[in-house]
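What follows is a set of notes on a single structure, which appears directly below.
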Amino acid sequence: MSLGELYREVIMDHSHHPRNRRRIEDADVTIGLDNPSCGDEIVLDLTVEGGVIRDVAYEGEGCTISMAAASMMTEATRGMTLGEAKDLIERYKAMLMGHDGETDDLGELAFLKGVTQFPMRVKCAVLAFTALEKGIHEIEGESDHGQA
């Protein structure tokens with residue numbers, strides 16, 4: 001099996017058998033986003049406790065890339081601190097923007113690097129991460145506001 005075939009297999013597995021595709025009752029933050037250029041939609045639920053992502057889940061409709069990226073993101077970020085998640089988002093987005101860098105520490109998310117060959121699909125691969133980023137900012141804003 002070639003590396004390209006492995007990439008496709010992992011992406012298709014997450015698309016056809018999504019992880020954490022559900023809603024979280026009593027989520028700390030719910031973020032809804034869409035990609036108007038292709039119709040992808042996501043609603044991300046996030047629960048944070050003590051600065052750690054305790055649960056993250058999504059519902060949505062979209063292309064294979066968008067839904068696979070959301071599934072992979074939820075698996076990768078559960079249990080991370082908010083700082084670790086922000087770092088992951090930054091490294092993931094840098095990878096998709098074609099910046100050379102180490103992708104070994106991105107785990108399965110590195111399989112989405114091939115999206116860089118299709119610039120119109122990068123927005124699909126980033127949608128869930130943008131929702132997570134907005135959710136983290138909202139959580140951090142609430143905790144900053146509460147301490148002021």
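Each chain of the structure tokens is named A, B, ... in the order shown, its residues numbered from 1; ligands are numbered from 1 in display order.
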What's around segment 113-121 of chain A at 7 Å? Count only C-alpha atoms, leave out sequence neighbours fewer than 5 positions away in its own chain, and write the answer as a CSV table (one decimal) with N, CA and C atoms, in the first residue's frame.
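Ended up saving to part_5.csv:
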```
chain,number,residue,atom,x,y,z
A,95,MET,N,0.7,23.8,8.4
A,95,MET,CA,0.8,22.6,7.5
A,95,MET,C,0.0,22.8,6.2
A,96,LEU,N,-1.3,23.2,6.5
A,96,LEU,CA,-2.2,23.3,5.3
A,96,LEU,C,-1.9,24.6,4.5
A,97,MET,N,-1.2,25.5,5.0
A,97,MET,CA,-0.8,26.7,4.3
A,97,MET,C,0.5,26.4,3.5
A,98,GLY,N,1.0,25.2,3.6
A,98,GLY,CA,2.2,24.8,2.8
A,98,GLY,C,3.5,25.2,3.5
```
Long-range neighbours of segment 54-70 of chain A as an mmCIF file with N, CA and C atoms, in the first residue's frame, 7 Å cut-off, only C-alpha atoms, 5 positions minimum in chain:
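File produced: out28.cif:
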```cif
data_model
loop_
_atom_site.group_PDB
_atom_site.id
_atom_site.type_symbol
_atom_site.label_atom_id
_atom_site.label_comp_id
_atom_site.auth_asym_id
_atom_site.auth_seq_id
_atom_site.Cartn_x
_atom_site.Cartn_y
_atom_site.Cartn_z
ATOM 1 N N ILE A 11 -8.505 8.941 5.822
ATOM 2 C CA ILE A 11 -9.487 10.008 5.638
ATOM 3 C C ILE A 11 -10.876 9.418 5.389
ATOM 4 N N HIS A 14 -12.393 8.009 8.663
ATOM 5 C CA HIS A 14 -12.953 9.047 9.546
ATOM 6 C C HIS A 14 -14.227 9.649 8.961
ATOM 7 N N SER A 15 -14.309 9.716 7.652
ATOM 8 C CA SER A 15 -15.504 10.268 7.020
ATOM 9 C C SER A 15 -16.683 9.305 7.129
ATOM 10 N N PRO A 18 -17.291 8.390 11.566
ATOM 11 C CA PRO A 18 -16.825 9.543 12.332
ATOM 12 C C PRO A 18 -16.779 9.272 13.832
ATOM 13 N N ASN A 20 -16.934 10.905 17.575
ATOM 14 C CA ASN A 20 -17.455 12.053 18.330
ATOM 15 C C ASN A 20 -18.442 12.903 17.545
ATOM 16 N N ARG A 21 -19.160 12.285 16.637
ATOM 17 C CA ARG A 21 -20.201 12.999 15.900
ATOM 18 C C ARG A 21 -21.492 12.869 16.695
ATOM 19 N N ARG A 22 -21.716 13.876 17.519
ATOM 20 C CA ARG A 22 -22.852 13.902 18.437
ATOM 21 C C ARG A 22 -22.919 15.283 19.053
ATOM 22 N N ARG A 23 -23.911 15.535 19.821
ATOM 23 C CA ARG A 23 -24.006 16.793 20.569
ATOM 24 C C ARG A 23 -23.660 16.508 22.029
ATOM 25 N N ILE A 24 -23.178 17.529 22.720
ATOM 26 C CA ILE A 24 -22.875 17.442 24.148
ATOM 27 C C ILE A 24 -23.907 18.290 24.885
ATOM 28 N N GLY A 39 -20.586 24.922 1.155
ATOM 29 C CA GLY A 39 -21.761 24.434 1.871
ATOM 30 C C GLY A 39 -21.472 23.601 3.110
ATOM 31 N N ASP A 40 -20.208 23.400 3.459
ATOM 32 C CA ASP A 40 -19.887 22.657 4.678
ATOM 33 C C ASP A 40 -20.429 23.411 5.888
ATOM 34 N N GLU A 41 -20.965 22.667 6.846
ATOM 35 C CA GLU A 41 -21.474 23.249 8.090
ATOM 36 C C GLU A 41 -21.033 22.400 9.259
ATOM 37 N N ILE A 42 -20.732 23.061 10.368
ATOM 38 C CA ILE A 42 -20.359 22.340 11.585
ATOM 39 C C ILE A 42 -20.906 23.070 12.797
ATOM 40 N N VAL A 43 -21.321 22.288 13.783
ATOM 41 C CA VAL A 43 -21.654 22.800 15.107
ATOM 42 C C VAL A 43 -20.748 22.037 16.061
ATOM 43 N N LEU A 44 -19.898 22.775 16.746
ATOM 44 C CA LEU A 44 -18.918 22.176 17.645
ATOM 45 C C LEU A 44 -19.320 22.442 19.085
ATOM 46 N N ASP A 45 -19.347 21.399 19.896
ATOM 47 C CA ASP A 45 -19.611 21.509 21.324
ATOM 48 C C ASP A 45 -18.314 21.226 22.061
ATOM 49 N N LEU A 46 -18.048 22.020 23.093
ATOM 50 C CA LEU A 46 -16.790 21.928 23.822
ATOM 51 C C LEU A 46 -17.056 22.027 25.314
ATOM 52 N N THR A 47 -16.473 21.111 26.070
ATOM 53 C CA THR A 47 -16.539 21.140 27.527
ATOM 54 C C THR A 47 -15.114 21.211 28.059
ATOM 55 N N VAL A 48 -14.864 22.222 28.874
ATOM 56 C CA VAL A 48 -13.532 22.446 29.422
ATOM 57 C C VAL A 48 -13.627 22.472 30.937
ATOM 58 N N GLU A 49 -12.679 21.790 31.570
ATOM 59 C CA GLU A 49 -12.645 21.751 33.029
ATOM 60 C C GLU A 49 -11.201 21.942 33.479
ATOM 61 N N ARG A 78 -9.097 15.968 22.600
ATOM 62 C CA ARG A 78 -9.674 15.577 23.895
ATOM 63 C C ARG A 78 -8.545 15.267 24.863
ATOM 64 N N GLY A 79 -8.582 15.902 26.033
ATOM 65 C CA GLY A 79 -7.564 15.701 27.049
ATOM 66 C C GLY A 79 -6.418 16.705 26.982
ATOM 67 N N CYS A 124 -12.135 23.598 3.708
ATOM 68 C CA CYS A 124 -12.876 22.435 4.209
ATOM 69 C C CYS A 124 -12.122 21.776 5.360
ATOM 70 N N ALA A 125 -10.814 21.639 5.181
ATOM 71 C CA ALA A 125 -9.982 20.963 6.176
ATOM 72 C C ALA A 125 -9.776 21.795 7.435
ATOM 73 N N LEU A 127 -12.196 24.091 8.721
ATOM 74 C CA LEU A 127 -13.452 24.540 9.322
ATOM 75 C C LEU A 127 -13.593 24.114 10.787
ATOM 76 N N ALA A 128 -13.404 22.854 11.097
ATOM 77 C CA ALA A 128 -13.554 22.376 12.480
ATOM 78 C C ALA A 128 -12.523 23.013 13.405
#
```
Query raised in the report: Taking the backbone alone, and naming residues the way the document does, which bits of segment 52-115 of chain A are alpha helix (DSSP H) by DSSP, as a list in words?
Result: Thr64, Ile65, Ser66, Met67, Ala68, Ala69, Ala70, Ser71, Met72, Met73, Thr74, Glu75, Ala76, Thr77, Leu82, Gly83, Glu84, Ala85, Lys86, Asp87, Leu88, Ile89, Glu90, Arg91, Tyr92, Lys93, Ala94, Met95 and Leu96 of chain A
Include N, CA and C atoms and write out the residues we just selected as a PDB file, in the first residue's frame.
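Once written, again-v7.pdb looks like this:
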```pdb
ATOM      1  N   THR A  64     -16.131  15.037   2.375  1.00  0.00           N
ATOM      2  CA  THR A  64     -15.312  14.036   3.050  1.00  0.00           C
ATOM      3  C   THR A  64     -14.189  14.686   3.847  1.00  0.00           C
ATOM      4  N   ILE A  65     -13.501  15.642   3.255  1.00  0.00           N
ATOM      5  CA  ILE A  65     -12.374  16.296   3.921  1.00  0.00           C
ATOM      6  C   ILE A  65     -12.841  17.015   5.181  1.00  0.00           C
ATOM      7  N   SER A  66     -13.911  17.764   5.090  1.00  0.00           N
ATOM      8  CA  SER A  66     -14.424  18.541   6.217  1.00  0.00           C
ATOM      9  C   SER A  66     -14.826  17.633   7.377  1.00  0.00           C
ATOM     10  N   MET A  67     -15.565  16.589   7.089  1.00  0.00           N
ATOM     11  CA  MET A  67     -16.046  15.704   8.145  1.00  0.00           C
ATOM     12  C   MET A  67     -14.915  14.844   8.721  1.00  0.00           C
ATOM     13  N   ALA A  68     -13.983  14.415   7.888  1.00  0.00           N
ATOM     14  CA  ALA A  68     -12.835  13.647   8.389  1.00  0.00           C
ATOM     15  C   ALA A  68     -11.968  14.518   9.283  1.00  0.00           C
ATOM     16  N   ALA A  69     -11.738  15.759   8.886  1.00  0.00           N
ATOM     17  CA  ALA A  69     -10.928  16.676   9.692  1.00  0.00           C
ATOM     18  C   ALA A  69     -11.581  16.918  11.049  1.00  0.00           C
ATOM     19  N   ALA A  70     -12.902  17.070  11.074  1.00  0.00           N
ATOM     20  CA  ALA A  70     -13.614  17.276  12.339  1.00  0.00           C
ATOM     21  C   ALA A  70     -13.466  16.054  13.245  1.00  0.00           C
ATOM     22  N   SER A  71     -13.619  14.873  12.677  1.00  0.00           N
ATOM     23  CA  SER A  71     -13.479  13.639  13.442  1.00  0.00           C
ATOM     24  C   SER A  71     -12.069  13.511  14.013  1.00  0.00           C
ATOM     25  N   MET A  72     -11.073  13.748  13.168  1.00  0.00           N
ATOM     26  CA  MET A  72      -9.679  13.658  13.612  1.00  0.00           C
ATOM     27  C   MET A  72      -9.370  14.693  14.696  1.00  0.00           C
ATOM     28  N   MET A  73      -9.888  15.902  14.512  1.00  0.00           N
ATOM     29  CA  MET A  73      -9.639  16.974  15.470  1.00  0.00           C
ATOM     30  C   MET A  73     -10.190  16.613  16.844  1.00  0.00           C
ATOM     31  N   THR A  74     -11.403  16.059  16.901  1.00  0.00           N
ATOM     32  CA  THR A  74     -11.980  15.722  18.203  1.00  0.00           C
ATOM     33  C   THR A  74     -11.149  14.660  18.910  1.00  0.00           C
ATOM     34  N   GLU A  75     -10.664  13.704  18.157  1.00  0.00           N
ATOM     35  CA  GLU A  75      -9.826  12.662  18.764  1.00  0.00           C
ATOM     36  C   GLU A  75      -8.504  13.238  19.257  1.00  0.00           C
ATOM     37  N   ALA A  76      -7.922  14.128  18.470  1.00  0.00           N
ATOM     38  CA  ALA A  76      -6.601  14.667  18.801  1.00  0.00           C
ATOM     39  C   ALA A  76      -6.639  15.598  20.006  1.00  0.00           C
ATOM     40  N   THR A  77      -7.720  16.344  20.190  1.00  0.00           N
ATOM     41  CA  THR A  77      -7.720  17.409  21.199  1.00  0.00           C
ATOM     42  C   THR A  77      -8.328  17.026  22.542  1.00  0.00           C
ATOM     43  N   LEU A  82      -5.896  23.857  26.961  1.00  0.00           N
ATOM     44  CA  LEU A  82      -6.255  24.848  25.944  1.00  0.00           C
ATOM     45  C   LEU A  82      -5.016  25.342  25.211  1.00  0.00           C
ATOM     46  N   GLY A  83      -3.917  25.515  25.932  1.00  0.00           N
ATOM     47  CA  GLY A  83      -2.670  25.932  25.303  1.00  0.00           C
ATOM     48  C   GLY A  83      -2.158  24.916  24.298  1.00  0.00           C
ATOM     49  N   GLU A  84      -2.228  23.646  24.652  1.00  0.00           N
ATOM     50  CA  GLU A  84      -1.797  22.587  23.734  1.00  0.00           C
ATOM     51  C   GLU A  84      -2.680  22.558  22.494  1.00  0.00           C
ATOM     52  N   ALA A  85      -3.983  22.741  22.697  1.00  0.00           N
ATOM     53  CA  ALA A  85      -4.905  22.745  21.566  1.00  0.00           C
ATOM     54  C   ALA A  85      -4.635  23.930  20.642  1.00  0.00           C
ATOM     55  N   LYS A  86      -4.362  25.104  21.212  1.00  0.00           N
ATOM     56  CA  LYS A  86      -4.049  26.273  20.384  1.00  0.00           C
ATOM     57  C   LYS A  86      -2.766  26.043  19.585  1.00  0.00           C
ATOM     58  N   ASP A  87      -1.789  25.411  20.200  1.00  0.00           N
ATOM     59  CA  ASP A  87      -0.543  25.092  19.501  1.00  0.00           C
ATOM     60  C   ASP A  87      -0.807  24.110  18.358  1.00  0.00           C
ATOM     61  N   LEU A  88      -1.628  23.102  18.611  1.00  0.00           N
ATOM     62  CA  LEU A  88      -1.976  22.129  17.571  1.00  0.00           C
ATOM     63  C   LEU A  88      -2.683  22.825  16.406  1.00  0.00           C
ATOM     64  N   ILE A  89      -3.627  23.698  16.708  1.00  0.00           N
ATOM     65  CA  ILE A  89      -4.346  24.439  15.664  1.00  0.00           C
ATOM     66  C   ILE A  89      -3.357  25.229  14.817  1.00  0.00           C
ATOM     67  N   GLU A  90      -2.434  25.908  15.457  1.00  0.00           N
ATOM     68  CA  GLU A  90      -1.451  26.725  14.743  1.00  0.00           C
ATOM     69  C   GLU A  90      -0.575  25.854  13.826  1.00  0.00           C
ATOM     70  N   ARG A  91      -0.094  24.734  14.349  1.00  0.00           N
ATOM     71  CA  ARG A  91       0.766  23.853  13.547  1.00  0.00           C
ATOM     72  C   ARG A  91      -0.006  23.208  12.403  1.00  0.00           C
ATOM     73  N   TYR A  92      -1.261  22.832  12.657  1.00  0.00           N
ATOM     74  CA  TYR A  92      -2.106  22.224  11.632  1.00  0.00           C
ATOM     75  C   TYR A  92      -2.381  23.218  10.503  1.00  0.00           C
ATOM     76  N   LYS A  93      -2.764  24.438  10.878  1.00  0.00           N
ATOM     77  CA  LYS A  93      -3.036  25.452   9.864  1.00  0.00           C
ATOM     78  C   LYS A  93      -1.769  25.789   9.075  1.00  0.00           C
ATOM     79  N   ALA A  94      -0.629  25.842   9.743  1.00  0.00           N
ATOM     80  CA  ALA A  94       0.639  26.110   9.050  1.00  0.00           C
ATOM     81  C   ALA A  94       0.917  25.002   8.027  1.00  0.00           C
ATOM     82  N   MET A  95       0.658  23.756   8.410  1.00  0.00           N
ATOM     83  CA  MET A  95       0.849  22.642   7.482  1.00  0.00           C
ATOM     84  C   MET A  95      -0.021  22.826   6.245  1.00  0.00           C
ATOM     85  N   LEU A  96      -1.276  23.207   6.462  1.00  0.00           N
ATOM     86  CA  LEU A  96      -2.203  23.348   5.340  1.00  0.00           C
ATOM     87  C   LEU A  96      -1.922  24.582   4.493  1.00  0.00           C
TER      88      LEU A  96
END
```
Requested in this report: Please report, as a PyMOL selection string, each residue of chain A to which DSSP assigns strand (DSSP E) when run on this structure's backbone.
Outcome: chain A and resi 29-35+40-49+52-61
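Shortest atom-to-atom contact with Ala131 of chain A among A:Val10, A:Val52, A:Leu33, A:Ala27: A:Leu33, counting only C-alpha atoms.
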